[in-house]
Amino acid sequence: MCKKWVKPDSADAHHTTSATPALITRAEHGISRKQFSPNAIKVLYRLKDGGYDAYLVGGCIRDILMGIQPKDFDVVTNATPEEIKKLFRNCRLIGRRFRLAHIVFGREIIEVATMRGHHEADERKNATSQSSEHGQLLRDNVYGTIEEDAQRRDFSINALYYSINDFSIHDFARGVEAIKARKIELIGDPETRYREDPVRMLRAVRFATKLDMEIAPGTKKPIYELADLLGNIPPARLFEETLKLFLNGKAVENYLQLREFGLFKQLFPALDEILEQSETGFEARFIEQMFANTDTRINQDKKVTPAFVYAALLWFPLQQRTQQIIEQQGMSEFDAFNQAMNQVLSQNAQHVSVPKRFTLGARDIWHIQMRLDKRSGQRAYRLSLQPRFKAAYDFLLLRVESGEDTQQTLADWWTEYLQSDVTGQKELVKNLGQSDGKKPRRRYRRKPKKKTGDA
């Protein structure tokens with residue numbers, strides 16, 4: 001589709017926008033309004049009828065041009081957030097760094113943003129625009145024209161605007177050309193743009209893997225030097241970004257690129273250090289296998305809980321810290337394990353703030369690992385009834401699959417146990433300890449003493 005209206009080659013060290021965009025007509029791009037969310041179209045027409053300019057923008061246009069069904073539809077307008085709220089009763093305003101309007105249609109949310117403008121050095125602008133000493137934008141409520149908004153977009157493939165006035169696409173940064181060349185290119189000076197918002201480095205990786213594209217050399221080079229700027233990003237925001245990276249069906253590719261650029265170290269420094277110092281490579285195999293399994297489940301439309309992913313990412317720091325506590329404080333393994341859990345989760349929250357509902361799930365998965373070999377009597381049955389047991393069992397299989405051979409026998413036993421009926425399960429428990437030729441110890445009960453006066 002893209003080949004009809006682009007030139008074959010283009011080279012530009014710093015990708016810039018044009019004040020006069022390339023107009024791609026309805027006949028040329030072939031996009032139908034039927035490919036858009038009906039609710040997004042409603043929002044566009046309501047804004048138009050209210051006297052405002054409105055466009056579908058960014059990823060939804062990019063994805064349709066590439067033959068991908070968009071998951072979200074974003075709208076940009078020259079109406080302010082307060083003016084948008086007056087037009088829509090189902091509107092809520094969110095965001096501090098940049099004010100956004102969410103138009104709620106049941107489970108679908110159409111995000112509407114006001115066109116952004118340029119930042120000025122005038123101190124009087126501080127009420128709406130503010131930067132940190134590193135150049136990061138802390139407050140960004142500066143509004144402008146569509147031309148200025150296009151310059152503020154991060155990547156050329158996202159500076160595409162669809163107008164309902166004439167059904168044309170306005171291409172301000174040769175985005176269609178970048179789609180054809182399969183290049184991820186930042187608009188403007190890459191170092192400046194990364195300093196404004198370091199999360200753009202993570203977005204560059206995610207778009208490259210998601211769209212099967214390459215990061216352009218000029219866009220790629222500064223990442224190696226500026227990766228540590230992620231340390232200035234709120235941990236809660238980095239949690240949302242890691243979810244997008246690890247739960248999009250491309251986790252393995254994202255993980256490998258994050259490590260290549262030095263970005264993974266900023267997200268999970270304790271694990272990264274262990275991976276770097278590992279002599280066997282087992283830890284790296286474990287993490288890659290976990291991400292591979294996650295990708296498989298997501299691509300098969302199966303459920304994946306973030307609790308499992310973060311339990312795996314923090315498993316080795318947890319083991320390392322447990323051993324350190326045992327050696328330094330002489331605690332029992334059980335007590336050291338519990339103390340290590342609190343410390344590892346607390347330290348990790350300084351980089352990626354995982355919500356409590358997921359850390360509780362990770363704790364359950366870890367606790368069950370410590371109890372899987374305690375199977376006598378009713379223990380195996382009771383353990384199998386735990387809400388997180390299936391995830392913990394999968395975690396055990398992951399350990400074995402990655403090369404932890406010492407857990408093979410235990411994994412085989414639990415696999416057979418879960419596949420057996422009640423009679424088979426009782427027999428498996430009864431035969432515990434007999435595989436090595438030892439008979440289980442017989443337990444004797446003391447006879448109760450006769451009460452005085454009994455016959």
# chains A, B, ... in the order shown; residues from 1 in each chain; ligands from 1

$ residues_around --residues "stretch 355-357 of chain A" --least-positions-apart "2" --cutoff "12 Å" --atoms "only C-alpha atoms" --output "JSON, numbers by chain"
{"A": [235, 236, 237, 238, 239, 240, 243, 305, 306, 307, 308, 310, 345, 346, 348, 349, 352, 353, 359, 360, 361, 362, 363, 364]}

$ select_by_dssp --residues "stretch 154-282 of chain A" --states "strand (DSSP E or B)" --output "list of chain:residue names"
A:Phe155, A:Leu160, A:Tyr161, A:Tyr162, A:Ser163, A:Ile169, A:His170, A:Asp171, A:Lys183, A:Ile184, A:Leu186, A:Ile187, A:Glu214, A:Ile215

$ write_last_selection --atoms "C-alpha atoms" --output "mmCIF file, in the first residue's frame"
data_model
loop_
_atom_site.group_PDB
_atom_site.id
_atom_site.type_symbol
_atom_site.label_atom_id
_atom_site.label_comp_id
_atom_site.auth_asym_id
_atom_site.auth_seq_id
_atom_site.Cartn_x
_atom_site.Cartn_y
_atom_site.Cartn_z
ATOM 1 C CA PHE A 155 8.977 9.132 15.889
ATOM 2 C CA LEU A 160 0.577 10.865 10.757
ATOM 3 C CA TYR A 161 -2.787 12.660 11.040
ATOM 4 C CA TYR A 162 -6.103 11.498 9.538
ATOM 5 C CA SER A 163 -8.656 14.240 8.823
ATOM 6 C CA ILE A 169 -3.592 11.685 5.756
ATOM 7 C CA HIS A 170 -1.281 14.566 6.692
ATOM 8 C CA ASP A 171 2.314 13.252 6.784
ATOM 9 C CA LYS A 183 13.061 2.476 10.090
ATOM 10 C CA ILE A 184 12.402 3.836 13.569
ATOM 11 C CA LEU A 186 13.263 10.130 16.092
ATOM 12 C CA ILE A 187 12.022 13.558 15.019
ATOM 13 C CA GLU A 214 15.279 -1.377 12.646
ATOM 14 C CA ILE A 215 16.235 1.577 14.805
#

$ select_by_dssp --residues "stretch 149-316 of chain A" --states "helix (DSSP H, G or I)" --output "PyMOL selection string"
chain A and resi 149-152+156-158+175-181+190-196+199-210+217-232+235-246+251-261+264-267+269-277+282-299+306-313+315-316

$ residues_around --residues "A:Lys390" --least-positions-apart "4" --cutoff "12 Å" --atoms "only C-alpha atoms" --output "list of chain:residue names"
A:Thr305, A:Phe308, A:Gly361, A:Asp364, A:Ile365, A:Ile368, A:Gln369, A:Leu372, A:Leu383, A:Ser384, A:Leu385, A:Gln386, A:Asp394, A:Phe395, A:Leu396, A:Leu397, A:Trp414, A:Thr415, A:Leu418

$ closest_residue --among "A:Gln350, A:Asn293, A:Ser156, A:Gln151" --to "A:Leu230" --atoms "only C-alpha atoms"
A:Gln350

$ residues_around --residues "A:Glu111" --least-positions-apart "4" --cutoff "8 Å" --atoms "only C-alpha atoms" --output "compact mmCIF listing (two decimals) with N, CA, C and O atoms, in the first residue's frame"
# COMPACT_ATOMS: atom_id res chain seq x y z
N PHE A 73 -7.23 3.94 19.62
CA PHE A 73 -7.43 5.04 18.68
C PHE A 73 -7.29 6.35 19.45
O PHE A 73 -8.05 6.63 20.37
N ASP A 74 -6.27 7.12 19.07
CA ASP A 74 -5.98 8.38 19.74
C ASP A 74 -6.40 9.55 18.86
O ASP A 74 -6.23 9.52 17.63
N VAL A 75 -6.91 10.60 19.49
CA VAL A 75 -7.39 11.78 18.79
C VAL A 75 -6.60 12.98 19.28
O VAL A 75 -6.26 13.08 20.47
N LEU A 100 -4.62 15.14 29.67
CA LEU A 100 -5.30 14.38 28.63
C LEU A 100 -6.77 14.21 28.99
O LEU A 100 -7.15 14.25 30.16
N ALA A 101 -7.58 14.01 27.97
CA ALA A 101 -9.00 13.72 28.18
C ALA A 101 -9.27 12.28 27.74
O ALA A 101 -8.87 11.86 26.65
N HIS A 102 -9.91 11.51 28.62
CA HIS A 102 -10.34 10.16 28.29
C HIS A 102 -11.85 10.16 28.10
O HIS A 102 -12.60 10.49 29.02
N ILE A 103 -12.29 9.80 26.89
CA ILE A 103 -13.71 9.69 26.60
C ILE A 103 -14.08 8.21 26.75
O ILE A 103 -13.55 7.37 26.02

$ residues_around --residues "A:Asn158" --least-positions-apart "3" --cutoff "7 Å" --atoms "only C-alpha atoms" --output "list in words"
Gly58, Gly59, Arg62, Arg153, Phe155 and Gly175 of chain A

$ write_last_selection --atoms "N, CA and C atoms" --output "short mmCIF file (atom, residue, chain, number, x, y, z; two decimals), in the first residue's frame"
data_model
loop_
_atom_site.label_atom_id
_atom_site.label_comp_id
_atom_site.auth_asym_id
_atom_site.auth_seq_id
_atom_site.Cartn_x
_atom_site.Cartn_y
_atom_site.Cartn_z
N GLY A 58 -1.18 9.12 14.94
CA GLY A 58 -0.18 8.19 15.50
C GLY A 58 -0.35 6.74 15.15
N GLY A 59 -0.31 5.91 16.21
CA GLY A 59 -0.22 4.46 16.03
C GLY A 59 -1.36 3.84 15.27
N ARG A 62 -0.66 4.47 11.59
CA ARG A 62 0.53 3.67 11.24
C ARG A 62 0.19 2.19 11.09
N ARG A 153 5.97 15.20 18.24
CA ARG A 153 5.83 13.75 18.21
C ARG A 153 7.20 13.10 18.30
N PHE A 155 8.42 9.81 17.06
CA PHE A 155 8.98 9.13 15.89
C PHE A 155 8.22 9.53 14.63
N GLY A 175 6.67 9.99 7.45
CA GLY A 175 6.39 8.77 8.20
C GLY A 175 6.08 7.59 7.32
#

$ residues_around --residues "A:Phe207" --least-positions-apart "2" --cutoff "12 Å" --atoms "only C-alpha atoms" --output "ChimeraX atom specification"
/A:59,62-63,154-158,179,182-186,200-205,209-215,244-245,248,250,253-254,257

$ closest_residue --among "A:Arg46, A:Ala54, A:Gln407, A:His367" --to "A:Arg388" --atoms "only C-alpha atoms"
A:His367
